[in-house]
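Quick look at my_file_38.cif (mmCIF, C-alpha atoms):
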data_structure
loop_
_atom_site.label_atom_id
_atom_site.label_comp_id
_atom_site.auth_asym_id
_atom_site.auth_seq_id
_atom_site.Cartn_x
_atom_site.Cartn_y
_atom_site.Cartn_z
CA MET A 1 0.00 0.00 0.00
CA ASN A 2 1.13 3.53 -0.72
CA PRO A 3 2.07 5.15 2.63
CA LEU A 4 0.43 8.48 1.73
CA LEU A 5 -2.82 6.82 0.66
CA GLY A 6 -2.77 4.75 3.85
CA ALA A 7 -2.28 7.95 5.87
CA GLU A 8 -5.34 9.54 4.24
CA ARG A 9 -7.47 6.52 5.09
CA ALA A 10 -6.13 6.33 8.65
CA LEU A 11 -6.69 10.03 9.24
CA LEU A 12 -10.30 9.97 8.10
CA GLY A 13 -10.90 6.84 10.15
CA ALA A 14 -9.42 8.55 13.23
CA VAL A 15 -11.75 11.54 12.87
CA LEU A 16 -14.78 9.29 12.32
CA LEU A 17 -13.87 7.33 15.43
CA ASP A 18 -12.96 10.35 17.56
CA PRO A 19 -14.44 13.70 16.38
CA VAL A 20 -12.27 15.58 18.89
CA GLN A 21 -9.24 14.85 16.70
CA LEU A 22 -10.66 17.25 14.12
CA SER A 23 -9.78 20.20 16.38
CA ARG A 24 -6.12 19.14 16.21
CA LEU A 25 -6.10 19.35 12.41
CA ASP A 26 -7.00 23.00 11.81
CA TRP A 27 -3.90 23.43 9.62
CA LEU A 28 -5.03 20.70 7.18
CA ALA A 29 -7.27 21.53 4.20
CA PRO A 30 -9.46 19.23 2.06
CA ASP A 31 -7.36 19.88 -1.07
CA HIS A 32 -4.34 18.37 0.67
CA PHE A 33 -5.88 14.93 0.12
CA TYR A 34 -5.06 13.09 -3.09
CA ARG A 35 -8.27 11.13 -3.70
CA PRO A 36 -11.42 13.18 -4.48
CA VAL A 37 -13.56 11.01 -2.22
CA HIS A 38 -11.22 11.75 0.68
CA GLN A 39 -11.36 15.46 -0.11
CA ALA A 40 -15.16 15.36 -0.04
CA LEU A 41 -15.25 13.44 3.24
CA PHE A 42 -12.84 15.76 5.01
CA ALA A 43 -14.73 18.82 3.73
CA ALA A 44 -17.96 17.26 5.02
CA LEU A 45 -16.41 16.69 8.44
CA ARG A 46 -15.28 20.32 8.49
CA LYS A 47 -18.83 21.44 7.67
CA LEU A 48 -20.30 19.31 10.46
CA GLN A 49 -17.76 20.85 12.81
CA ALA A 50 -18.72 24.38 11.73
CA ASP A 51 -22.43 23.56 12.15
CA GLY A 52 -21.83 22.38 15.72
CA HIS A 53 -22.68 18.68 15.32
CA PRO A 54 -23.73 17.06 18.63
CA ALA A 55 -20.95 14.47 18.33
CA LEU A 56 -18.39 17.19 19.03
CA THR A 57 -19.81 18.06 22.43
CA THR A 58 -20.82 14.69 23.82
CA GLU A 59 -18.41 12.89 26.14
CA GLU A 60 -20.15 9.57 25.74
CA VAL A 61 -20.01 7.12 22.87
CA VAL A 62 -19.82 8.80 19.47
CA PRO A 63 -23.29 8.69 17.91
CA LEU A 64 -23.77 6.87 14.62
CA SER A 65 -25.18 10.08 13.15
CA TRP A 66 -21.63 11.49 13.03
CA VAL A 67 -20.69 8.89 10.42
CA THR A 68 -23.96 8.85 8.49
CA ASP A 69 -24.23 12.64 8.34
CA ALA A 70 -20.64 12.89 7.07
CA VAL A 71 -21.29 10.33 4.34
CA ALA A 72 -24.54 12.07 3.34
CA GLU A 73 -22.86 15.48 3.14
CA ALA A 74 -19.90 14.13 1.15
CA GLY A 75 -22.26 12.28 -1.18
CA LEU A 76 -23.59 15.61 -2.39
CA HIS A 77 -20.19 16.39 -3.96
CA VAL A 78 -18.86 13.00 -5.05
CA ARG A 79 -20.58 10.03 -6.63
CA GLY A 80 -20.45 6.40 -5.51
CA LEU A 81 -19.80 6.98 -1.80
CA ALA A 82 -21.46 4.31 0.33
CA PRO A 83 -21.64 3.99 4.14
CA GLU A 84 -19.56 0.81 3.89
CA TYR A 85 -16.57 2.87 2.77
CA ALA A 86 -16.70 4.94 5.95
CA HIS A 87 -16.58 1.75 8.03
CA ALA A 88 -13.59 0.60 5.93
CA LEU A 89 -11.83 3.84 6.80
CA ILE A 90 -12.51 3.28 10.49
CA ALA A 91 -11.04 -0.20 10.25
CA ALA A 92 -7.93 1.23 8.53
CA CYS A 93 -7.04 3.46 11.51
CA PRO A 94 -4.59 1.82 13.95
CA ARG A 95 -4.72 4.58 16.61
CA PRO A 96 -7.11 7.58 16.54
CA ALA A 97 -4.71 9.54 18.77
CA HIS A 98 -2.13 9.48 15.97
CA ALA A 99 -4.31 11.71 13.78
CA PRO A 100 -1.88 14.73 13.81
CA LEU A 101 0.94 12.54 12.54
CA TYR A 102 -1.32 11.06 9.85
CA GLY A 103 -2.20 14.62 8.89
CA ARG A 104 1.46 15.50 8.63
CA MET A 105 1.96 12.61 6.21
CA VAL A 106 -1.00 13.85 4.14
CA LEU A 107 0.45 17.36 4.08
CA GLU A 108 3.85 16.01 2.99
CA GLY A 109 2.30 14.30 0.00
CA ALA A 110 0.36 17.45 -0.87
CA ILE A 111 3.56 19.52 -0.82
CA HIS A 112 5.29 17.17 -3.25
CA ARG A 113 2.29 17.20 -5.60
CA SER A 114 1.86 20.96 -5.46
CA VAL A 115 5.53 21.66 -6.22
CA THR A 116 5.42 19.17 -9.10
CA GLU A 117 2.30 20.75 -10.63
CA HIS A 118 3.67 24.29 -10.49
CA ALA A 119 7.03 23.17 -11.89
CA ILE A 120 5.19 21.62 -14.86
CA ARG A 121 3.27 24.87 -15.40
CA LEU A 122 6.49 26.88 -15.32
CA HIS A 123 8.07 24.57 -17.88
CA GLN A 124 5.05 24.81 -20.17
CA ALA A 125 5.02 28.62 -19.91
CA ALA A 126 8.75 28.76 -20.71
CA ARG A 127 8.28 26.60 -23.80
CA ALA A 128 5.34 28.72 -24.97
CA ASP A 129 7.33 31.92 -24.50
CA ALA A 130 10.28 30.45 -26.39
CA LEU A 131 8.05 29.76 -29.39
CA GLN A 132 6.47 33.22 -29.30
CA GLY A 133 9.64 35.17 -28.53
CA GLU A 134 8.29 36.39 -25.18
CA ALA A 135 9.39 36.11 -21.55
CA GLU A 136 6.59 37.49 -19.38
CA GLY A 137 4.68 34.21 -19.05
CA ALA A 138 7.68 32.34 -17.67
CA LEU A 139 8.47 35.14 -15.23
CA HIS A 140 4.86 35.25 -14.03
CA HIS A 141 4.73 31.51 -13.34
CA ALA A 142 8.10 31.73 -11.60
CA ASP A 143 6.63 34.35 -9.25
CA VAL A 144 3.63 32.10 -8.62
CA LEU A 145 5.90 29.16 -7.82
CA THR A 146 7.96 31.30 -5.44
CA GLY A 147 4.81 32.36 -3.60
CA VAL A 148 3.58 28.77 -3.39
CA LEU A 149 6.90 27.62 -1.94
CA GLY A 150 6.77 30.34 0.71
CA ASP A 151 3.20 29.42 1.68
CA LEU A 152 4.03 25.72 1.86
CA ALA A 153 7.07 26.42 4.02
CA ARG A 154 5.01 28.40 6.53
CA ARG A 155 2.33 25.72 6.57
CA TRP A 156 4.95 23.03 7.15
CA GLY A 157 6.50 25.10 9.93
CA SER A 158 9.88 25.91 8.39
CA GLU A 159 11.61 29.04 7.17
CA PRO A 160 11.88 29.32 3.35
CA ARG A 161 15.50 29.92 2.34
CA PRO A 162 17.48 28.85 -0.73
CA VAL A 163 19.76 25.89 0.00
CA ALA A 164 21.79 24.05 -2.62
CA PRO A 165 21.26 20.27 -2.67
CA ALA A 166 24.21 18.04 -1.89
CA THR A 167 23.76 16.31 -5.25
CA ALA A 168 22.12 18.30 -8.01
CA PRO A 169 19.56 16.32 -10.04
CA VAL A 170 20.60 15.51 -13.59
CA VAL A 171 18.31 17.00 -16.24
CA ALA A 172 18.53 16.95 -20.02
CA PRO A 173 19.93 20.11 -21.65
CA PRO A 174 17.41 22.30 -23.49
CA VAL A 175 17.05 22.00 -27.25
CA ARG A 176 18.71 24.83 -29.16
CA ALA A 177 16.56 26.66 -31.68
CA GLU A 178 18.07 27.73 -34.99
CA GLN A 179 16.46 31.17 -34.73
CA VAL A 180 18.21 31.76 -31.40
CA ALA A 181 21.58 30.74 -32.85
CA GLN A 182 21.01 33.07 -35.80
CA ASP A 183 20.22 36.02 -33.50
CA GLU A 184 23.41 35.32 -31.56
CA ARG A 185 25.53 35.28 -34.73
CA PHE A 186 23.93 38.53 -35.93
CA LEU A 187 24.63 40.17 -32.58
CA LEU A 188 28.29 39.15 -32.60
CA ALA A 189 28.64 40.45 -36.15
CA ALA A 190 27.05 43.78 -35.21
CA LEU A 191 29.31 44.20 -32.18
CA THR A 192 32.40 43.47 -34.26
CA ASP A 193 31.42 45.74 -37.16
CA ARG A 194 30.43 48.64 -34.88
CA PRO A 195 32.56 48.48 -31.70
CA GLY A 196 30.77 51.45 -30.16
CA THR A 197 27.63 49.36 -29.75
CA MET A 198 29.31 47.29 -27.05
CA ASP A 199 28.33 50.03 -24.59
CA GLU A 200 24.66 49.30 -25.37
CA VAL A 201 24.77 45.70 -24.13
CA VAL A 202 27.85 45.31 -21.93
CA GLY A 203 26.00 46.39 -18.78
CA TRP A 204 23.42 43.59 -18.80
CA LEU A 205 24.36 40.88 -21.31
CA ARG A 206 26.67 38.09 -20.15
CA PRO A 207 28.39 35.22 -21.97
CA ASP A 208 26.17 32.70 -20.16
CA ASP A 209 23.12 34.22 -21.84
CA PHE A 210 24.14 32.71 -25.17
CA ALA A 211 22.60 29.34 -25.95
CA ASP A 212 25.68 28.24 -27.92
CA PRO A 213 28.74 28.07 -25.61
CA ALA A 214 31.01 28.94 -28.54
CA HIS A 215 29.06 32.16 -29.09
CA GLY A 216 29.35 32.95 -25.40
CA GLN A 217 33.12 32.53 -25.50
CA LEU A 218 33.31 34.75 -28.57
CA TYR A 219 31.30 37.41 -26.76
CA ARG A 220 33.73 37.08 -23.85
CA CYS A 221 36.59 37.84 -26.25
CA LEU A 222 34.75 40.95 -27.49
CA GLY A 223 34.17 42.04 -23.91
CA ALA A 224 37.83 41.59 -22.98
CA LEU A 225 39.02 43.70 -25.91
CA HIS A 226 36.41 46.37 -25.13
CA HIS A 227 37.36 46.43 -21.46
CA ARG A 228 41.04 46.93 -22.27
CA GLY A 229 40.22 49.66 -24.79
CA GLU A 230 41.77 47.80 -27.71
CA PRO A 231 40.50 47.94 -31.31
CA LEU A 232 37.70 45.59 -32.29
CA ASP A 233 37.64 43.79 -35.62
CA ARG A 234 37.64 40.19 -36.80
CA ILE A 235 41.45 39.96 -36.71
CA THR A 236 41.77 41.20 -33.12
CA VAL A 237 38.89 38.95 -32.03
CA LEU A 238 40.63 35.97 -33.63
CA TRP A 239 43.84 36.96 -31.85
CA GLU A 240 42.02 37.16 -28.48
CA ALA A 241 40.42 33.76 -29.07
CA GLN A 242 43.83 32.28 -29.73
CA ARG A 243 45.31 33.82 -26.57
CA ARG A 244 42.49 32.31 -24.52
CA GLY A 245 43.15 28.86 -25.94
CA LEU A 246 39.78 28.60 -27.63
CA LEU A 247 41.33 27.58 -30.94
CA ALA A 248 43.60 24.99 -29.36
CA ASP A 249 40.90 23.19 -27.38
CA GLY A 250 38.44 23.12 -30.28
CA THR A 251 35.86 25.47 -28.80
CA LEU A 252 36.19 27.71 -31.85
CA SER A 253 37.92 27.46 -35.19
CA GLY A 254 39.57 30.23 -37.16
CA ASP A 255 37.10 29.87 -40.01
CA GLN A 256 34.18 30.00 -37.57
CA VAL A 257 35.44 33.20 -35.94
CA MET A 258 36.03 34.87 -39.29
CA ALA A 259 32.62 33.80 -40.61
CA ILE A 260 30.72 35.13 -37.58
CA CYS A 261 32.64 38.35 -37.02
CA GLY A 262 32.94 39.10 -40.73
CA GLY A 263 29.24 38.66 -41.45
CA LEU A 264 26.83 41.33 -42.52
CA ASP A 265 25.60 43.85 -39.94
CA PRO A 266 21.86 43.09 -39.74
CA GLY A 267 20.63 45.83 -37.42
CA SER A 268 20.53 47.16 -33.87
CA ALA A 269 22.84 45.46 -31.41
CA GLU A 270 20.61 46.46 -28.50
CA TRP A 271 17.55 44.85 -30.07
CA LEU A 272 19.48 41.69 -30.88
CA GLY A 273 20.84 41.64 -27.35
CA GLU A 274 17.29 41.76 -25.99
CA GLN A 275 16.38 38.83 -28.21
CA VAL A 276 19.28 36.86 -26.74
CA MET A 277 18.15 37.84 -23.23
CA ARG A 278 14.60 36.62 -23.90
CA SER A 279 15.98 33.31 -25.01
CA SER A 280 18.15 33.18 -21.89
CA ILE A 281 15.12 33.79 -19.65
CA THR A 282 12.99 31.05 -21.18
CA ARG A 283 15.91 28.62 -21.28
CA THR A 284 16.82 29.30 -17.64
CA ALA A 285 13.17 29.01 -16.57
CA ALA A 286 12.81 25.67 -18.35
CA THR A 287 15.98 24.34 -16.71
CA SER A 288 14.84 25.51 -13.26
CA ALA A 289 11.44 23.88 -13.79
CA ARG A 290 13.01 20.54 -14.75
CA VAL A 291 15.30 20.62 -11.70
CA ILE A 292 12.40 21.44 -9.34
CA ARG A 293 10.24 18.71 -10.83
CA ALA A 294 13.03 16.17 -10.38
CA LEU A 295 13.37 17.25 -6.75
CA ALA A 296 9.62 17.04 -6.11
CA GLU A 297 9.39 13.55 -7.61
CA ASN A 298 12.00 12.31 -5.14
CA GLU A 299 9.80 10.75 -2.44
CA ALA A 300 12.75 10.41 -0.07
CA LEU A 301 13.19 14.21 0.12
CA ALA A 302 11.49 15.80 3.12
CA PRO A 303 9.26 18.86 2.51
CA GLY A 304 11.61 21.33 4.22
CA PRO A 305 14.68 20.49 2.08
CA LEU A 306 12.45 20.18 -0.99
CA ILE A 307 11.19 23.75 -0.59
CA ASN A 308 14.67 25.14 0.10
CA HIS A 309 16.25 23.29 -2.84
CA ALA A 310 13.44 24.49 -5.13
CA LEU A 311 14.06 28.10 -4.09
CA HIS A 312 17.75 27.61 -4.83
CA ALA A 313 16.88 26.27 -8.29
CA LEU A 314 14.98 29.50 -9.01
CA GLY A 315 18.05 31.61 -8.15
CA PRO A 316 19.57 31.66 -11.67
CA LEU A 317 16.25 32.83 -13.10
CA ASP A 318 16.09 35.70 -10.59
CA GLU A 319 19.58 36.77 -11.63
CA VAL A 320 18.68 36.78 -15.33
CA ARG A 321 15.43 38.63 -14.57
CA ALA A 322 17.34 41.40 -12.76
CA ARG A 323 19.53 42.03 -15.81
CA TRP A 324 16.49 41.85 -18.09
CA GLN A 325 14.90 44.66 -16.10
CA ILE A 326 18.10 46.70 -16.46
CA ALA A 327 18.01 46.13 -20.20
CA ASN A 328 14.45 47.46 -20.32
CA GLY A 329 15.26 50.49 -18.19
CA ARG A 330 13.30 49.27 -15.18
CA PRO A 331 14.92 49.23 -11.73
CA THR A 332 15.12 45.93 -9.93
CA PRO A 333 12.18 45.76 -7.49
CA THR A 334 13.05 45.58 -3.83
CA PRO A 335 11.13 42.83 -2.04
CA SER A 336 8.80 44.35 0.51
CA ALA A 337 8.42 42.85 3.94
CA SER A 338 5.09 41.08 3.80
CA SER A 339 3.17 40.07 6.85
CA PRO A 340 3.48 36.35 7.54
CA SER A 341 0.45 34.35 6.53
CA GLY A 342 -0.53 30.81 7.20
CA PRO A 343 -1.53 28.83 10.24
CA PRO A 344 -0.61 30.09 13.74
CA GLY A 345 2.40 28.69 15.53
CA ALA A 346 0.37 26.37 17.73
CA ARG A 347 -1.20 24.76 14.68
CA VAL A 348 2.20 24.43 13.04
CA HIS A 349 3.47 22.52 16.06
CA ALA A 350 0.42 20.27 15.83
CA ALA A 351 1.12 19.75 12.15
CA LEU A 352 4.65 18.67 12.83
CA ALA A 353 3.40 16.16 15.39
CA ARG A 354 6.92 15.51 16.55
CA SER A 355 7.94 13.47 19.56
CA THR A 356 8.94 15.09 22.84
CA PRO A 357 11.89 17.41 22.13
CA ARG A 358 15.21 16.62 23.69
CA ALA A 359 16.24 18.50 26.77
CA SER A 360 18.68 21.25 25.87
CA ALA A 361 22.11 21.24 27.43
CA PRO A 362 22.74 23.65 30.32
CA PRO A 363 24.39 26.92 29.35
CA SER A 364 27.65 25.91 31.02
CA GLU A 365 27.97 22.92 28.69
CA ARG A 366 27.31 24.76 25.46
CA LEU A 367 30.41 25.60 23.52
CA GLY A 368 30.65 29.22 22.67
CA SER A 369 27.36 30.13 24.38
CA ALA A 370 28.94 32.34 27.02
CA SER A 371 30.53 35.58 25.97
CA ALA A 372 34.29 35.62 25.97
CA PRO A 373 36.04 37.72 28.64
CA ALA A 374 37.38 41.07 27.64
CA SER A 375 40.96 39.87 27.87
CA ALA A 376 40.28 37.08 25.37
CA ARG A 377 38.61 39.26 22.79
CA PRO A 378 40.67 40.32 19.75
CA LEU A 379 41.74 43.94 19.75
CA ARG A 380 40.31 46.08 17.01
CA ALA A 381 42.33 48.57 15.04
CA ALA A 382 42.66 51.87 16.85
CA THR A 383 41.73 53.92 13.86
CA ALA A 384 39.84 53.12 10.75
CA GLU A 385 40.93 54.12 7.30
CA PRO A 386 39.90 57.77 7.00
CA HIS A 387 39.40 57.75 3.27
CA PRO A 388 38.45 54.42 1.77
CA PRO A 389 39.73 53.91 -1.76
CA ALA A 390 37.34 54.96 -4.45
CA HIS A 391 35.70 52.08 -6.28
CA ARG A 392 34.19 52.40 -9.71
CA PRO A 393 31.31 49.96 -10.15
CA SER A 394 31.99 47.69 -13.08
CA SER A 395 29.53 46.13 -15.47
CA PRO A 396 28.76 42.40 -15.27
CA LEU A 397 30.92 41.68 -18.28
CA GLU A 398 33.77 43.80 -16.91
CA SER A 399 33.60 41.80 -13.69
CA ALA A 400 33.87 38.63 -15.72
CA VAL A 401 37.07 39.78 -17.47
CA ASN A 402 38.73 41.67 -14.60
CA ASN A 403 40.38 38.47 -13.40
CA ASP A 404 41.82 37.73 -16.81
CA PRO A 405 45.56 36.98 -16.40
CA ILE A 406 46.26 38.56 -19.79
CA SER A 407 44.58 41.79 -18.72
CA ASP A 408 46.60 41.77 -15.46
CA ALA A 409 49.83 41.30 -17.39
CA LEU A 410 49.05 44.21 -19.71
CA GLY A 411 48.23 46.42 -16.75
CA LEU A 412 51.51 45.59 -14.99
CA ARG A 413 53.46 46.32 -18.14
CA ALA A 414 51.76 49.71 -18.48
CA LEU A 415 52.59 50.61 -14.87
CA ALA A 416 56.22 49.56 -15.32
CA SER A 417 56.51 51.63 -18.50
CA ALA A 418 55.06 54.69 -16.75
CA ALA A 419 57.54 54.29 -13.88
CA ARG A 420 60.51 54.08 -16.24
CA THR A 421 59.35 57.23 -18.05
CA THR A 422 59.09 59.12 -14.75
CA ARG A 423 62.58 58.10 -13.65
CA SER A 424 64.07 59.10 -17.01
CA ARG A 425 62.56 62.57 -16.65
#
Would you mind writing the file's structure down as structure tokens?
Amino acid sequence: MNPLLGAERALLGAVLLDPVQLSRLDWLAPDHFYRPVHQALFAALRKLQADGHPALTTEEVVPLSWVTDAVAEAGLHVRGLAPEYAHALIAACPRPAHAPLYGRMVLEGAIHRSVTEHAIRLHQAARADALQGEAEGALHHADVLTGVLGDLARRWGSEPRPVAPATAPVVAPPVRAEQVAQDERFLLAALTDRPGTMDEVVGWLRPDDFADPAHGQLYRCLGALHHRGEPLDRITVLWEAQRRGLLADGTLSGDQVMAICGGLDPGSAEWLGEQVMRSSITRTAATSARVIRALAENEALAPGPLINHALHALGPLDEVRARWQIANGRPTPTPSASSPSGPPGARVHAALARSTPRASAPPSERLGSASAPASARPLRAATAEPHPPAHRPSSPLESAVNNDPISDALGLRALASAARTTRSR
């Protein structure tokens, strides 16, 4: 028997046997059940509770009307429900007092199903946007999924925070579209033919946004030349590709570089860059959706880690979205502090249904709990730096090439040359 299905049956049987258990399940909703008949029965029990059924106030034997009224109410919303099924549910309950733990098992299954469903919707929206050349649908469904993960975390009783999994699930790479590759080649040709257009895209377009890794490396070469202030043409780009070892390792070939950088200039580099960014958004959203679905389909993963790993999988999409907003001239929105929603803390503790917590160690036995004496504390510097060095914010692409050993070598040579000139004067 499926453990989650058995938990649904045991939970309903516990409430039919002992109506008082229903008050310990305020955090559980009918849509958390998998089977429609179980959803209808739990909703019926909730309605009887709201109507003040006599079985909830009596301290004697539970009247038979509690079971028959629940079956009659549920039968109005689902077909084929017989009183015999309610008695089968009662027989499937080992201990009515274990109802909160059964409810926790039901909620765990609901969390896995909900995350799976929203991941599928995100993947479908990303594929639709990729076909239409849009990005808003994928971003909208990503926001919905983020909100669902936060609500599920509060209902489960944990704090939602992105955490990388120990072993990332393996997913198939996305299929590359020929139109996307063509836009990338046109963009590289435009940037090479008109070097001044690099300023239009360098602040928000990164090499990882290219679907073809070879195109991304070629864009990295263009960015390195632009950052060093060197001339841009197909010969200098080929030279930079050779210095980076891209010709030696087979990432690019000389004929490929000359064909791309020496192509016709088809139009606006900024518009082509936005096309590449749209493709990057839909591709990143589809990858995040596949990772989250693989996580949700892992039955051995507890709800807390599942939610945290799913939030981590959405991180790359948030990063691409922030640069997309910069490209469109919109500032990145600052997340506002929203009031926490969800079940109260007491209900969360009932949902967890954990065993008695362990006694905490006394303060004297906790390492590092007591504050260190003044004599053991490290001394701080007497004075702080009065004038911190000025820092010019660099663009994302500049940050990617700042650590280039070739750029560092050129900079050291320039400094040495300037020093020799000063001494000679």
Could you list as a PDB file with C-alpha atoms, in the frame of the given file every residue that has an atom within 9 Å of (21.3, 24.8, -0.5), using the file's coordinates and counting only C-alpha atoms?
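Result went into part_9.pdb, see below:
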ATOM      1  CA  ARG A 161      15.500  29.920   2.340  1.00  0.00           C
ATOM      2  CA  PRO A 162      17.480  28.850  -0.730  1.00  0.00           C
ATOM      3  CA  VAL A 163      19.760  25.890   0.000  1.00  0.00           C
ATOM      4  CA  ALA A 164      21.790  24.050  -2.620  1.00  0.00           C
ATOM      5  CA  PRO A 165      21.260  20.270  -2.670  1.00  0.00           C
ATOM      6  CA  ALA A 166      24.210  18.040  -1.890  1.00  0.00           C
ATOM      7  CA  PRO A 305      14.680  20.490   2.080  1.00  0.00           C
ATOM      8  CA  ASN A 308      14.670  25.140   0.100  1.00  0.00           C
ATOM      9  CA  HIS A 309      16.250  23.290  -2.840  1.00  0.00           C
ATOM     10  CA  LEU A 311      14.060  28.100  -4.090  1.00  0.00           C
ATOM     11  CA  HIS A 312      17.750  27.610  -4.830  1.00  0.00           C
TER      12      HIS A 312
END
For region 274-285 of chain A, list every protein, DNA or RNA residue within 8 Å, evaluated using all atoms listed in the file, and leave out those in the same chain fewer than 5 positions away; present the list as a PyMOL selection string. chain A and resi 122-123+126-127+129-130+133-135+138-139+142+174+180+183-184+205+209-211+314+316-317+320-321+324+327
Given the PyMOL selection byres ((chain A and resi 9) around 8) and the file above, list the residues it selects as a compact mmCIF listing (two decimals) with C-alpha atoms, in the frame of the given file.
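Saved to part-v4.txt:
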# COMPACT_ATOMS: atom_id res chain seq x y z
CA LEU A 5 -2.82 6.82 0.66
CA GLY A 6 -2.77 4.75 3.85
CA ALA A 7 -2.28 7.95 5.87
CA GLU A 8 -5.34 9.54 4.24
CA ALA A 10 -6.13 6.33 8.65
CA LEU A 11 -6.69 10.03 9.24
CA LEU A 12 -10.30 9.97 8.10
CA GLY A 13 -10.90 6.84 10.15
CA HIS A 38 -11.22 11.75 0.68
CA LEU A 89 -11.83 3.84 6.80
CA ALA A 92 -7.93 1.23 8.53
CA CYS A 93 -7.04 3.46 11.51
I'd like to see the residues matched by the PyMOL selection byres ((chain A and resi 192) around 7) on this file, and ideally I'd get them as a list in words.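 This file gives the following for the PyMOL selection byres ((chain A and resi 192) around 7): Leu188, Ala189, Ala190, Leu191, Asp193, Arg194, Pro195, Leu232, Asp233, Arg234 and Cys261 of chain A.
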For a quick check of understanding, using all atoms listed in the file, which of A:Leu41, A:Leu225, A:Val171, A:Leu145 has the smallest distance to Thr116 (chain A)?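 When distances to Thr116 (chain A) are compared using all atoms listed in the file, the smallest one comes from A:Leu145.
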Have a look at A:Leu246, A:Met198, A:Ala88, A:Ala302 and name the one nearest to Val67 (chain A); count only C-alpha atoms.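 For Val67 (chain A), the nearest of the candidates is A:Ala88.
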Using all atoms listed in the file: which of A:Ile260, A:Ala286, A:Val20, A:Val62 has the shortest distance to Ala214 (chain A):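 Ranked by minimum distance to Ala214 (chain A), first place goes to A:Ile260.
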CA of Ile111 (chain A) and CA of Leu76 (chain A), how far apart in Å? 27.5 Å
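Between CA of Arg244 (chain A) and CA of His226 (chain A) the separation is 15.3 Å.
Closest approach to Ile326 (chain A) from the set A:Val201, A:Val237, A:Ala269, A:Val148 is made by A:Val201, with distances taken over all atoms listed in the file.
Once Ala14 (chain A) and its same-chain neighbours fewer than 2 positions away are set aside, Ala10, Leu11, Leu12, Leu16, Leu17, Asp18, Pro19, Gln21, Ile90, Cys93, Arg95, Pro96, Ala97, His98 and Ala99 of chain A remain within 8 Å of it when counting all atoms listed in the file.
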Go ahead and dump the residues you just picked, C-alpha atoms, as a PDB file, in the coordinates of the input.
ATOM      1  CA  ALA A  10      -6.130   6.330   8.650  1.00  0.00           C
ATOM      2  CA  LEU A  11      -6.690  10.030   9.240  1.00  0.00           C
ATOM      3  CA  LEU A  12     -10.300   9.970   8.100  1.00  0.00           C
ATOM      4  CA  LEU A  16     -14.780   9.290  12.320  1.00  0.00           C
ATOM      5  CA  LEU A  17     -13.870   7.330  15.430  1.00  0.00           C
ATOM      6  CA  ASP A  18     -12.960  10.350  17.560  1.00  0.00           C
ATOM      7  CA  PRO A  19     -14.440  13.700  16.380  1.00  0.00           C
ATOM      8  CA  GLN A  21      -9.240  14.850  16.700  1.00  0.00           C
ATOM      9  CA  ILE A  90     -12.510   3.280  10.490  1.00  0.00           C
ATOM     10  CA  CYS A  93      -7.040   3.460  11.510  1.00  0.00           C
ATOM     11  CA  ARG A  95      -4.720   4.580  16.610  1.00  0.00           C
ATOM     12  CA  PRO A  96      -7.110   7.580  16.540  1.00  0.00           C
ATOM     13  CA  ALA A  97      -4.710   9.540  18.770  1.00  0.00           C
ATOM     14  CA  HIS A  98      -2.130   9.480  15.970  1.00  0.00           C
ATOM     15  CA  ALA A  99      -4.310  11.710  13.780  1.00  0.00           C
TER      16      ALA A  99
END
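Checking A:Leu45, A:Gln325, A:Pro169, A:Arg24 one by one against Glu136 (chain A), counting all atoms listed in the file, you find the shortest gap at A:Gln325.
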Translate the PyMOL selection byres ((chain A and resi 230) around 12) into a concrete residue list for this structure, as JSON, numbers by chain. {"A": [195, 196, 221, 222, 223, 224, 225, 226, 227, 228, 229, 231, 232, 233, 235, 236, 237, 239, 240, 407, 410]}
When distances are computed from only C-alpha atoms, which of A:Gln242, A:Asn298, A:Ser65, A:Thr197 shows the smallest separation from Gly273 (chain A)?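 When distances to Gly273 (chain A) are compared using only C-alpha atoms, the smallest one comes from A:Thr197.
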Fewer than 4 positions away in the same chain doesn't count, so skip those; otherwise give me all residues within 9 Å of Glu108 (chain A), counting all atoms listed in the file, as a PDB file with C-alpha atoms, keeping the file's coordinate frame.
ATOM      1  CA  LEU A   4       0.430   8.480   1.730  1.00  0.00           C
ATOM      2  CA  HIS A  32      -4.340  18.370   0.670  1.00  0.00           C
ATOM      3  CA  GLY A 103      -2.200  14.620   8.890  1.00  0.00           C
ATOM      4  CA  ARG A 104       1.460  15.500   8.630  1.00  0.00           C
ATOM      5  CA  HIS A 112       5.290  17.170  -3.250  1.00  0.00           C
ATOM      6  CA  ARG A 113       2.290  17.200  -5.600  1.00  0.00           C
ATOM      7  CA  TRP A 156       4.950  23.030   7.150  1.00  0.00           C
ATOM      8  CA  ALA A 302      11.490  15.800   3.120  1.00  0.00           C
ATOM      9  CA  PRO A 303       9.260  18.860   2.510  1.00  0.00           C
TER      10      PRO A 303
END
If you measure from CA of Gln132 (chain A) to CA of Trp271 (chain A), what distance in Å do you get, rounded to one decimal?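 Separation between CA of Gln132 (chain A) and CA of Trp271 (chain A): 16.1 Å.
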Find the spatial neighbours of Leu149 (chain A), counting all atoms listed in the file, within a cut-off of 8 Å - ignore same-chain residues fewer than 6 positions away - and output them as a ChimeraX atom specification. /A:115,160,307,310-311
